[in-house]
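Undergrad: One file: query.csv (CSV, C-alpha atoms).
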```csv
chain,number,residue,atom,x,y,z
A,1,MET,CA,17.6,-16.9,-18.1
A,2,ALA,CA,20.2,-19.2,-16.6
A,3,GLN,CA,19.1,-20.9,-13.4
A,4,ALA,CA,21.0,-20.0,-10.3
A,5,SER,CA,21.8,-23.0,-8.2
A,6,ILE,CA,21.5,-23.1,-4.4
A,7,GLY,CA,24.7,-21.6,-3.0
A,8,ASP,CA,25.4,-19.0,-5.8
A,9,SER,CA,22.2,-17.0,-6.0
A,10,GLU,CA,21.7,-13.5,-4.7
A,11,PHE,CA,19.6,-14.8,-1.9
A,12,ASP,CA,22.4,-17.1,-0.7
A,13,ARG,CA,25.0,-14.3,-0.9
A,14,ASP,CA,22.8,-11.9,1.0
A,15,THR,CA,21.9,-14.3,3.8
A,16,ALA,CA,25.4,-15.7,4.1
A,17,VAL,CA,26.8,-15.7,7.7
A,18,THR,CA,30.4,-15.8,8.8
A,19,GLN,CA,31.3,-17.3,12.1
A,20,ARG,CA,33.3,-14.9,14.2
A,21,GLU,CA,33.6,-17.2,17.2
A,22,PRO,CA,31.5,-20.1,18.4
A,23,GLY,CA,27.9,-19.0,18.5
A,24,VAL,CA,28.6,-15.5,17.0
A,25,TYR,CA,28.0,-14.8,13.3
A,26,ASP,CA,28.5,-11.7,11.2
A,27,VAL,CA,26.1,-10.9,8.3
A,28,GLU,CA,26.0,-8.0,5.9
A,29,LEU,CA,22.3,-7.1,5.4
A,30,SER,CA,21.5,-6.0,1.9
A,31,ALA,CA,19.2,-3.1,0.9
A,32,GLY,CA,18.1,-5.2,-2.0
A,33,TRP,CA,15.5,-7.0,0.2
A,34,SER,CA,13.7,-3.8,1.3
A,35,ILE,CA,10.0,-3.2,1.0
A,36,ILE,CA,8.3,0.2,1.6
A,37,ARG,CA,10.8,1.5,4.2
A,38,ALA,CA,12.3,-1.5,6.0
A,39,LEU,CA,14.1,-4.8,5.3
A,40,ASN,CA,11.7,-7.7,4.8
A,41,GLY,CA,11.1,-9.8,7.9
A,42,GLY,CA,11.3,-13.1,6.1
A,43,TYR,CA,14.7,-12.2,4.6
A,44,LEU,CA,16.0,-11.3,8.0
A,45,LEU,CA,14.6,-14.6,9.4
A,46,ALA,CA,16.4,-16.6,6.7
A,47,ALA,CA,19.7,-15.0,7.7
A,48,ILE,CA,19.1,-15.9,11.3
A,49,GLY,CA,18.0,-19.3,10.3
A,50,ARG,CA,21.3,-19.9,8.6
A,51,ALA,CA,23.2,-19.0,11.7
A,52,LEU,CA,21.2,-21.4,13.8
A,53,GLY,CA,21.5,-24.1,11.2
A,54,ASP,CA,25.3,-23.8,11.5
A,55,ALA,CA,25.3,-23.6,15.3
A,56,LEU,CA,22.9,-26.5,16.0
A,57,PRO,CA,23.6,-30.2,15.3
A,58,HIS,CA,20.5,-30.6,13.2
A,59,PRO,CA,20.4,-28.9,9.7
A,60,HIS,CA,16.8,-28.0,9.0
A,61,PRO,CA,14.4,-25.4,10.6
A,62,PHE,CA,11.2,-27.2,11.7
A,63,THR,CA,9.6,-24.4,13.7
A,64,VAL,CA,10.9,-20.8,14.0
A,65,THR,CA,9.3,-18.1,16.1
A,66,ALA,CA,10.6,-14.5,15.8
A,67,HIS,CA,9.8,-11.3,17.7
A,68,TYR,CA,10.6,-8.2,15.8
A,69,LEU,CA,11.8,-5.6,18.3
A,70,THR,CA,13.1,-2.7,16.2
A,71,PRO,CA,13.3,-2.2,12.4
A,72,SER,CA,16.5,-3.5,10.8
A,73,VAL,CA,18.5,-1.5,8.2
A,74,ALA,CA,20.9,-2.4,5.5
A,75,GLY,CA,24.5,-2.8,6.7
A,76,PRO,CA,26.5,-5.0,9.1
A,77,ALA,CA,24.8,-7.0,11.8
A,78,VAL,CA,25.8,-9.7,14.3
A,79,ILE,CA,23.8,-12.8,15.2
A,80,ARG,CA,24.4,-14.4,18.6
A,81,THR,CA,23.1,-17.9,19.0
A,82,GLU,CA,22.7,-20.2,22.0
A,83,SER,CA,21.9,-24.0,22.1
A,84,VAL,CA,19.0,-24.6,24.5
A,85,ARG,CA,18.6,-28.4,24.2
A,86,THR,CA,19.8,-31.1,21.9
A,87,GLY,CA,18.0,-34.4,21.5
A,88,ARG,CA,18.2,-37.3,19.1
A,89,THR,CA,15.7,-36.0,16.6
A,90,LEU,CA,15.4,-32.3,17.4
A,91,SER,CA,17.6,-29.5,18.7
A,92,THR,CA,16.4,-26.2,20.1
A,93,GLY,CA,18.3,-22.9,20.0
A,94,GLN,CA,17.7,-19.2,20.3
A,95,ALA,CA,19.3,-16.3,18.5
A,96,SER,CA,19.2,-12.5,18.4
A,97,LEU,CA,20.2,-10.2,15.6
A,98,PHE,CA,21.9,-7.0,16.7
A,99,GLN,CA,23.0,-3.9,14.8
A,100,TYR,CA,25.3,-1.1,15.9
A,101,ALA,CA,23.9,2.2,17.3
A,102,ASP,CA,25.4,5.6,16.7
A,103,ASP,CA,27.1,5.5,20.1
A,104,GLY,CA,28.8,2.2,19.2
A,105,GLY,CA,26.5,0.0,21.3
A,106,GLU,CA,24.3,-2.8,20.1
A,107,VAL,CA,20.6,-2.6,19.4
A,108,GLU,CA,18.7,-5.9,19.4
A,109,ARG,CA,16.5,-6.1,16.3
A,110,ILE,CA,15.0,-9.6,16.4
A,111,ARG,CA,14.9,-12.4,18.9
A,112,VAL,CA,14.2,-16.0,17.7
A,113,LEU,CA,13.5,-19.4,19.3
A,114,ALA,CA,13.6,-22.4,17.0
A,115,SER,CA,13.7,-26.1,16.8
A,116,TYR,CA,15.7,-27.9,14.1
A,117,GLY,CA,15.7,-31.4,12.8
A,118,ASP,CA,16.6,-33.4,9.7
A,119,PHE,CA,14.1,-33.8,6.8
A,120,ASP,CA,16.0,-36.8,5.5
A,121,THR,CA,15.0,-38.8,8.5
A,122,LEU,CA,11.3,-38.2,8.4
A,123,THR,CA,8.8,-40.8,7.4
A,124,ASP,CA,6.7,-40.6,4.1
A,125,ASP,CA,3.4,-40.8,6.0
A,126,VAL,CA,1.2,-37.8,5.1
A,127,ARG,CA,-2.4,-37.5,6.3
A,128,THR,CA,-4.0,-34.2,5.6
A,129,ALA,CA,-7.3,-32.5,4.9
A,130,ALA,CA,-5.5,-29.4,3.5
A,131,LYS,CA,-5.8,-28.6,-0.2
A,132,PRO,CA,-3.7,-26.4,-2.4
A,133,PRO,CA,-5.2,-23.0,-3.2
A,134,GLY,CA,-7.0,-22.5,-6.5
A,135,ILE,CA,-4.7,-20.1,-8.3
A,136,PRO,CA,-5.0,-19.5,-12.1
A,137,PRO,CA,-2.0,-20.5,-14.2
A,138,LEU,CA,1.0,-18.2,-14.0
A,139,GLU,CA,0.3,-16.6,-17.4
A,140,HIS,CA,-3.1,-15.4,-16.2
A,141,CYS,CA,-1.9,-13.8,-12.9
A,142,VAL,CA,-0.8,-10.2,-12.2
A,143,ARG,CA,2.9,-9.7,-12.1
A,144,ALA,CA,4.7,-7.0,-10.2
A,145,SER,CA,6.0,-5.6,-13.4
A,146,ALA,CA,2.4,-4.7,-14.4
A,147,GLY,CA,2.5,-1.7,-12.1
A,148,PRO,CA,3.6,-0.4,-8.7
A,149,TRP,CA,2.4,-2.6,-5.9
A,150,THR,CA,3.8,-0.7,-2.9
A,151,PRO,CA,4.5,2.9,-2.0
A,152,GLY,CA,8.2,3.6,-1.4
A,153,ASP,CA,11.0,1.2,-1.8
A,154,SER,CA,10.1,-2.1,-3.6
A,155,SER,CA,13.6,-3.5,-4.1
A,156,LEU,CA,12.4,-6.9,-2.8
A,157,LEU,CA,10.1,-7.3,-5.8
A,158,ASP,CA,13.0,-7.0,-8.2
A,159,ARG,CA,14.5,-10.1,-6.7
A,160,LEU,CA,11.3,-12.2,-6.9
A,161,GLY,CA,9.1,-13.6,-9.6
A,162,LEU,CA,5.7,-12.9,-7.9
A,163,ALA,CA,2.4,-13.1,-9.7
A,164,LEU,CA,-0.9,-12.6,-7.9
A,165,ASP,CA,-4.2,-14.3,-8.4
A,166,PRO,CA,-6.3,-11.5,-10.1
A,167,ALA,CA,-9.1,-12.2,-7.5
A,168,THR,CA,-6.8,-10.9,-4.8
A,169,ALA,CA,-5.1,-8.1,-6.8
A,170,GLY,CA,-7.9,-5.6,-7.1
A,171,TRP,CA,-6.4,-3.4,-4.5
A,172,ALA,CA,-3.5,-2.5,-6.9
A,173,ALA,CA,-6.1,-0.8,-9.0
A,174,GLY,CA,-7.9,0.8,-6.1
A,175,ARG,CA,-10.5,-2.0,-5.8
A,176,PRO,CA,-9.7,-4.1,-2.7
A,177,SER,CA,-12.1,-7.0,-2.2
A,178,GLU,CA,-12.0,-6.4,1.6
A,179,LYS,CA,-11.9,-10.2,2.2
A,180,GLY,CA,-8.4,-10.1,3.6
A,181,GLU,CA,-6.9,-12.6,1.2
A,182,MET,CA,-3.8,-12.8,-0.9
A,183,ARG,CA,-2.8,-15.6,-3.3
A,184,GLY,CA,0.0,-16.0,-5.8
A,185,TRP,CA,3.0,-17.7,-7.3
A,186,PHE,CA,6.4,-17.3,-5.8
A,187,ALA,CA,9.8,-17.8,-7.3
A,188,PHE,CA,13.2,-16.2,-7.3
A,189,ALA,CA,13.9,-13.9,-10.3
A,190,ASP,CA,17.3,-15.6,-10.9
A,191,GLY,CA,15.7,-19.1,-11.1
A,192,ARG,CA,17.0,-20.4,-7.7
A,193,ASP,CA,14.9,-23.3,-6.5
A,194,ALA,CA,13.4,-23.2,-3.0
A,195,ASP,CA,14.9,-24.9,0.0
A,196,PRO,CA,14.0,-25.0,3.7
A,197,PHE,CA,15.7,-21.7,4.5
A,198,SER,CA,14.2,-19.8,1.6
A,199,LEU,CA,10.7,-20.8,2.8
A,200,LEU,CA,11.3,-18.5,5.8
A,201,LEU,CA,11.3,-15.7,3.2
A,202,THR,CA,8.4,-17.1,1.2
A,203,VAL,CA,5.8,-17.0,4.0
A,204,ASP,CA,6.4,-13.2,4.3
A,205,ALA,CA,7.1,-12.2,0.6
A,206,LEU,CA,3.6,-11.5,-0.8
A,207,PRO,CA,1.9,-8.1,-0.3
A,208,PRO,CA,0.2,-8.1,3.1
A,209,THR,CA,-3.5,-8.9,3.4
A,210,ALA,CA,-4.0,-5.4,4.8
A,211,PHE,CA,-3.8,-4.2,1.2
A,212,ASP,CA,-6.8,-6.3,0.3
A,213,LEU,CA,-8.7,-4.8,3.3
A,214,GLY,CA,-8.2,-1.4,1.8
A,215,LEU,CA,-5.3,-0.4,4.1
A,216,PRO,CA,-2.2,0.3,1.9
A,217,GLY,CA,1.0,1.1,3.7
A,218,TRP,CA,3.7,-0.3,5.9
A,219,THR,CA,2.4,-3.4,7.9
A,220,PRO,CA,5.3,-4.2,10.3
A,221,THR,CA,5.5,-7.7,11.7
A,222,ILE,CA,5.4,-8.0,15.5
A,223,GLU,CA,5.7,-11.8,15.7
A,224,LEU,CA,6.1,-14.5,13.1
A,225,THR,CA,6.0,-18.3,13.6
A,226,THR,CA,6.9,-20.5,10.7
A,227,HIS,CA,6.6,-24.3,10.4
A,228,VAL,CA,8.7,-25.8,7.6
A,229,ARG,CA,7.1,-29.2,6.9
A,230,CYS,CA,9.5,-30.8,4.3
A,231,ARG,CA,12.0,-30.0,1.6
A,232,PRO,CA,10.2,-28.4,-1.3
A,233,ALA,CA,10.3,-29.9,-4.8
A,234,PRO,CA,11.8,-27.8,-7.6
A,235,GLY,CA,9.5,-25.3,-9.4
A,236,PRO,CA,7.4,-22.3,-8.5
A,237,LEU,CA,5.5,-22.3,-5.2
A,238,ARG,CA,1.9,-21.3,-4.5
A,239,VAL,CA,1.3,-19.1,-1.5
A,240,SER,CA,-2.0,-18.2,0.1
A,241,LEU,CA,-2.5,-15.7,2.9
A,242,ALA,CA,-5.7,-14.9,4.9
A,243,THR,CA,-6.7,-12.6,7.7
A,244,ARG,CA,-9.9,-13.2,9.6
A,245,ASN,CA,-9.6,-10.6,12.4
A,246,LEU,CA,-8.3,-7.0,12.5
A,247,ALA,CA,-8.9,-5.4,15.9
A,248,GLY,CA,-7.2,-2.7,18.0
A,249,GLY,CA,-4.8,-1.8,15.2
A,250,PHE,CA,-3.4,-5.3,14.8
A,251,LEU,CA,-4.2,-8.2,12.4
A,252,GLU,CA,-3.2,-11.8,12.1
A,253,GLU,CA,-2.0,-13.3,8.8
A,254,ASP,CA,-2.0,-17.1,8.1
A,255,ALA,CA,0.1,-18.4,5.3
A,256,GLU,CA,0.3,-21.7,3.5
A,257,VAL,CA,3.0,-22.6,0.9
A,258,TRP,CA,2.6,-25.4,-1.6
A,259,ASP,CA,5.2,-26.9,-3.9
A,260,SER,CA,4.9,-28.2,-7.5
A,261,THR,CA,3.9,-31.6,-6.3
A,262,ASP,CA,0.9,-30.3,-4.4
A,263,ARG,CA,2.7,-30.8,-1.1
A,264,LEU,CA,2.1,-28.4,1.8
A,265,VAL,CA,5.7,-27.4,2.6
A,266,ALA,CA,5.4,-24.5,5.0
A,267,GLN,CA,2.8,-22.8,7.2
A,268,SER,CA,3.0,-19.6,9.2
A,269,ARG,CA,1.1,-17.2,11.4
A,270,GLN,CA,2.1,-13.6,12.1
A,271,LEU,CA,0.8,-10.8,14.1
A,272,ALA,CA,1.3,-7.4,12.4
A,273,ARG,CA,0.4,-3.8,13.0
A,274,ALA,CA,-2.2,-2.6,10.6
A,275,PRO,CA,-1.3,0.4,8.5
A,276,ARG,CA,-2.2,3.7,10.1
A,277,VAL,CA,-5.0,5.4,8.1
A,278,ARG,CA,-4.8,9.1,8.0
A,279,PRO,CA,-8.1,10.9,8.3
A,280,PRO,CA,-9.4,12.6,5.1
A,281,ARG,CA,-8.4,16.1,4.6
A,282,PRO,CA,-11.2,18.7,4.7
A,283,ASN,CA,-12.3,20.1,1.4
A,284,ALA,CA,-10.2,23.1,0.4
A,285,GLY,CA,-13.2,25.2,-0.2
A,286,ALA,CA,-15.1,24.3,3.0
A,287,GLY,CA,-15.9,27.1,5.4
A,288,ASN,CA,-14.6,27.1,9.0
```
Would you mind giving the structure from this file in structure tokens?
TA:
Amino acid sequence: MAQASIGDSEFDRDTAVTQREPGVYDVELSAGWSIIRALNGGYLLAAIGRALGDALPHPHPFTVTAHYLTPSVAGPAVIRTESVRTGRTLSTGQASLFQYADDGGEVERIRVLASYGDFDTLTDDVRTAAKPPGIPPLEHCVRASAGPWTPGDSSLLDRLGLALDPATAGWAAGRPSEKGEMRGWFAFADGRDADPFSLLLTVDALPPTAFDLGLPGWTPTIELTTHVRCRPAPGPLRVSLATRNLAGGFLEEDAEVWDSTDRLVAQSRQLARAPRVRPPRPNAGAGN
């Protein structure tokens, strides 16, 4: 397979924004990044991230916090950005993604607050106690092509080269570990290398940890905060997700993304709504 370069891949085309006027950008959201019944939140965040990257004086997303207000659908959307503060090393902006309602009005889908900087100006000093996740080699992991991972639309999986650690893939065969963990390899199916904007997708691309808790189904994101720590090296990425607490119908999901040089390149935390579990149906032959 020929490797797609940054700029001509499907991900780049489907997150491309066009400036309509200063601070206002048009984007055509693609159905190709759908999962179960909605567009993936990381894909949407990457499109908004591109608009802010164009609107702000600094090029790279350092921290991005998104609140998902209503589900987005494929089709035209508009991103409205605003510069909040500009400093020497960081600039902060906010953005909202809108789509058009049946009456012609705008419906706000996502609201974002983000700080941008320049990775090329950062020092090489790294002091960390974090360690990459222990994931088996790619050839020993479970690929999406091995069987259906999600109910409903799984177009997103066709665009990614995902392979899960078998220790966190038992749910796909009806045997969840109930530990709330998910680990695997991430890459684009067309060979595109990762960059800071694609990391906004990576943190939200694996199946949700709710599946490993025995709760299959749509797990909509309420809020997602992503820290992009540096520009990733070429090659596949390793991603680990963990949930420690599900309560009141909501769960948190912490993510780490590591590149081919064992560098921690992104971290995130999101709050998501747990899938609604339907009560079991009574036995057909049971008496009333």
Undergrad: At a cut-off of 9 Å, can you tabulate as a Markdown table every residue of range 76-167 of chain A near range 176-197 of chain A together with its closest atom pair and the distance in Å to one decimal, using only C-alpha atoms and ordering rows by chain then number?
TA:
```
| residue | atom | partner | partner_atom | distance |
| --- | --- | --- | --- | --- |
| A:Pro133 | CA | A:Arg183 | CA | 7.8 |
| A:Gly134 | CA | A:Arg183 | CA | 8.7 |
| A:Ile135 | CA | A:Gly184 | CA | 6.7 |
| A:Pro136 | CA | A:Gly184 | CA | 8.8 |
| A:Pro137 | CA | A:Trp185 | CA | 9.0 |
| A:Leu138 | CA | A:Trp185 | CA | 7.0 |
| A:Cys141 | CA | A:Gly184 | CA | 7.7 |
| A:Val142 | CA | A:Gly184 | CA | 8.7 |
| A:Leu157 | CA | A:Ala189 | CA | 8.8 |
| A:Asp158 | CA | A:Ala189 | CA | 7.3 |
| A:Arg159 | CA | A:Ala189 | CA | 5.3 |
| A:Leu160 | CA | A:Phe188 | CA | 4.4 |
| A:Gly161 | CA | A:Ala187 | CA | 4.8 |
| A:Leu162 | CA | A:Phe186 | CA | 4.9 |
| A:Ala163 | CA | A:Trp185 | CA | 5.2 |
| A:Leu164 | CA | A:Gly184 | CA | 4.1 |
| A:Asp165 | CA | A:Gly184 | CA | 5.2 |
| A:Pro166 | CA | A:Arg183 | CA | 8.7 |
| A:Ala167 | CA | A:Ser177 | CA | 8.0 |
```
Undergrad: Would you give me, as CSV, each residue of range 141-247 of chain A having an atom within 12 Å of an atom of range 48-71 of chain A, along with its shortest atom pair and that distance in Å to one decimal, using all atoms listed in the file and sorting by chain and residue number?
TA:
```
residue,atom,partner,partner_atom,distance
A:Asp195,CA,A:His60,CA,9.7
A:Pro196,CA,A:His60,CA,6.7
A:Phe197,CA,A:Gly49,CA,6.7
A:Ser198,CA,A:Gly49,CA,9.5
A:Leu199,CA,A:Pro61,CA,9.8
A:Leu200,CA,A:Gly49,CA,8.1
A:Leu201,CA,A:Gly49,CA,10.4
A:Val203,CA,A:Val64,CA,11.9
A:Trp218,CA,A:Pro71,CA,11.7
A:Thr219,CA,A:Pro71,CA,11.9
A:Pro220,CA,A:Pro71,CA,8.5
A:Thr221,CA,A:Tyr68,CA,6.6
A:Ile222,CA,A:Tyr68,CA,5.2
A:Glu223,CA,A:His67,CA,4.6
A:Leu224,CA,A:Ala66,CA,5.2
A:Thr225,CA,A:Thr65,CA,4.1
A:Thr226,CA,A:Val64,CA,5.2
A:His227,CA,A:Thr63,CA,4.5
A:Val228,CA,A:Phe62,CA,5.0
A:Arg229,CA,A:Phe62,CA,6.6
A:Cys230,CA,A:Phe62,CA,8.4
A:Arg231,CA,A:His60,CA,9.0
```
Undergrad: Based on the selection just made, write C-alpha atoms of those residues as a PDB file, keeping the file's coordinate frame.
TA:
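Everything below was put into again07.pdb:
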```pdb
ATOM      1  CA  ASP A 195      14.900 -24.900   0.000  1.00  0.00           C
ATOM      2  CA  PRO A 196      14.000 -25.000   3.700  1.00  0.00           C
ATOM      3  CA  PHE A 197      15.700 -21.700   4.500  1.00  0.00           C
ATOM      4  CA  SER A 198      14.200 -19.800   1.600  1.00  0.00           C
ATOM      5  CA  LEU A 199      10.700 -20.800   2.800  1.00  0.00           C
ATOM      6  CA  LEU A 200      11.300 -18.500   5.800  1.00  0.00           C
ATOM      7  CA  LEU A 201      11.300 -15.700   3.200  1.00  0.00           C
ATOM      8  CA  VAL A 203       5.800 -17.000   4.000  1.00  0.00           C
ATOM      9  CA  TRP A 218       3.700  -0.300   5.900  1.00  0.00           C
ATOM     10  CA  THR A 219       2.400  -3.400   7.900  1.00  0.00           C
ATOM     11  CA  PRO A 220       5.300  -4.200  10.300  1.00  0.00           C
ATOM     12  CA  THR A 221       5.500  -7.700  11.700  1.00  0.00           C
ATOM     13  CA  ILE A 222       5.400  -8.000  15.500  1.00  0.00           C
ATOM     14  CA  GLU A 223       5.700 -11.800  15.700  1.00  0.00           C
ATOM     15  CA  LEU A 224       6.100 -14.500  13.100  1.00  0.00           C
ATOM     16  CA  THR A 225       6.000 -18.300  13.600  1.00  0.00           C
ATOM     17  CA  THR A 226       6.900 -20.500  10.700  1.00  0.00           C
ATOM     18  CA  HIS A 227       6.600 -24.300  10.400  1.00  0.00           C
ATOM     19  CA  VAL A 228       8.700 -25.800   7.600  1.00  0.00           C
ATOM     20  CA  ARG A 229       7.100 -29.200   6.900  1.00  0.00           C
ATOM     21  CA  CYS A 230       9.500 -30.800   4.300  1.00  0.00           C
ATOM     22  CA  ARG A 231      12.000 -30.000   1.600  1.00  0.00           C
TER      23      ARG A 231
END
```
Undergrad: Name the closest residue to Ala247 in chain A among the candidates A:Ala210, A:Ala130, A:Ile110, A:Ala274; distances are taken between atoms, counting all atoms listed in the file.
TA: A:Ala274
Undergrad: Need the shell around range 28-42 of chain A: protein/DNA/RNA residues with any atom at most 8 Å away, counting all atoms listed in the file. Skip same-chain ones fewer than 3 positions apart. Format as an MDAnalysis selection string?
TA: chainID A and resid 14:17 45:46 71:77 150:157 159 200:205 217:218 221
Undergrad: Quick one: distance from CA of Pro132 in chain A to CA of Arg244 in chain A in Å, one decimal?
TA: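 Value for the CA of Pro132 in chain A-CA of Arg244 in chain A distance: 18.9 Å.
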Undergrad: Enter the distance from CA of Tyr116 in chain A to CA of Leu90 in chain A, in Å, rounded to one decimal.
TA: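 Value for the CA of Tyr116 in chain A-CA of Leu90 in chain A distance: 5.5 Å.
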Undergrad: So what do you get for CA of Gly174 in chain A versus CA of Thr209 in chain A, distance-wise?
TA: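 Rounded to one decimal, the two atoms are 14.3 Å apart.
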Undergrad: Please rebuild range 113-131 of chain A with N, CA and C atoms and return the result as a PDB file, in the coordinates of the input.
TA:
```pdb
ATOM      1  N   LEU A 113      13.381 -18.056  18.704  1.00  0.00           N
ATOM      2  CA  LEU A 113      13.500 -19.400  19.300  1.00  0.00           C
ATOM      3  C   LEU A 113      13.068 -20.390  18.277  1.00  0.00           C
ATOM      4  N   ALA A 114      13.875 -21.428  18.078  1.00  0.00           N
ATOM      5  CA  ALA A 114      13.600 -22.400  17.000  1.00  0.00           C
ATOM      6  C   ALA A 114      14.021 -23.778  17.342  1.00  0.00           C
ATOM      7  N   SER A 115      13.338 -24.733  16.698  1.00  0.00           N
ATOM      8  CA  SER A 115      13.700 -26.100  16.800  1.00  0.00           C
ATOM      9  C   SER A 115      14.066 -26.654  15.407  1.00  0.00           C
ATOM     10  N   TYR A 116      15.177 -27.378  15.337  1.00  0.00           N
ATOM     11  CA  TYR A 116      15.700 -27.900  14.100  1.00  0.00           C
ATOM     12  C   TYR A 116      15.724 -29.414  14.101  1.00  0.00           C
ATOM     13  N   GLY A 117      15.590 -29.994  12.909  1.00  0.00           N
ATOM     14  CA  GLY A 117      15.700 -31.400  12.800  1.00  0.00           C
ATOM     15  C   GLY A 117      16.310 -31.782  11.434  1.00  0.00           C
ATOM     16  N   ASP A 118      16.009 -32.970  10.915  1.00  0.00           N
ATOM     17  CA  ASP A 118      16.600 -33.400   9.700  1.00  0.00           C
ATOM     18  C   ASP A 118      15.505 -34.018   8.799  1.00  0.00           C
ATOM     19  N   PHE A 119      15.165 -33.342   7.693  1.00  0.00           N
ATOM     20  CA  PHE A 119      14.100 -33.800   6.800  1.00  0.00           C
ATOM     21  C   PHE A 119      14.376 -35.191   6.229  1.00  0.00           C
ATOM     22  N   ASP A 120      15.646 -35.525   6.075  1.00  0.00           N
ATOM     23  CA  ASP A 120      16.000 -36.800   5.500  1.00  0.00           C
ATOM     24  C   ASP A 120      15.663 -37.998   6.349  1.00  0.00           C
ATOM     25  N   THR A 121      15.366 -37.743   7.620  1.00  0.00           N
ATOM     26  CA  THR A 121      15.000 -38.800   8.500  1.00  0.00           C
ATOM     27  C   THR A 121      13.547 -39.004   8.755  1.00  0.00           C
ATOM     28  N   LEU A 122      12.715 -38.143   8.142  1.00  0.00           N
ATOM     29  CA  LEU A 122      11.300 -38.200   8.400  1.00  0.00           C
ATOM     30  C   LEU A 122      10.625 -39.324   7.577  1.00  0.00           C
ATOM     31  N   THR A 123       9.492 -39.806   8.074  1.00  0.00           N
ATOM     32  CA  THR A 123       8.800 -40.800   7.400  1.00  0.00           C
ATOM     33  C   THR A 123       7.994 -40.227   6.181  1.00  0.00           C
ATOM     34  N   ASP A 124       7.498 -41.083   5.282  1.00  0.00           N
ATOM     35  CA  ASP A 124       6.700 -40.600   4.100  1.00  0.00           C
ATOM     36  C   ASP A 124       5.243 -40.544   4.401  1.00  0.00           C
ATOM     37  N   ASP A 125       4.819 -40.808   5.621  1.00  0.00           N
ATOM     38  CA  ASP A 125       3.400 -40.800   6.000  1.00  0.00           C
ATOM     39  C   ASP A 125       2.836 -39.394   5.977  1.00  0.00           C
ATOM     40  N   VAL A 126       1.831 -39.131   5.130  1.00  0.00           N
ATOM     41  CA  VAL A 126       1.200 -37.800   5.100  1.00  0.00           C
ATOM     42  C   VAL A 126      -0.327 -38.053   5.156  1.00  0.00           C
ATOM     43  N   ARG A 127      -0.965 -37.458   6.132  1.00  0.00           N
ATOM     44  CA  ARG A 127      -2.400 -37.500   6.300  1.00  0.00           C
ATOM     45  C   ARG A 127      -2.911 -36.087   6.472  1.00  0.00           C
ATOM     46  N   THR A 128      -3.625 -35.574   5.494  1.00  0.00           N
ATOM     47  CA  THR A 128      -4.000 -34.200   5.600  1.00  0.00           C
ATOM     48  C   THR A 128      -5.342 -33.905   4.925  1.00  0.00           C
ATOM     49  N   ALA A 129      -6.047 -32.959   5.498  1.00  0.00           N
ATOM     50  CA  ALA A 129      -7.300 -32.500   4.900  1.00  0.00           C
ATOM     51  C   ALA A 129      -7.053 -31.164   4.155  1.00  0.00           C
ATOM     52  N   ALA A 130      -5.811 -30.653   4.200  1.00  0.00           N
ATOM     53  CA  ALA A 130      -5.500 -29.400   3.500  1.00  0.00           C
ATOM     54  C   ALA A 130      -5.426 -29.597   2.020  1.00  0.00           C
ATOM     55  N   LYS A 131      -5.837 -28.579   1.289  1.00  0.00           N
ATOM     56  CA  LYS A 131      -5.800 -28.600  -0.200  1.00  0.00           C
ATOM     57  C   LYS A 131      -5.135 -27.394  -0.719  1.00  0.00           C
TER      58      LYS A 131
END
```
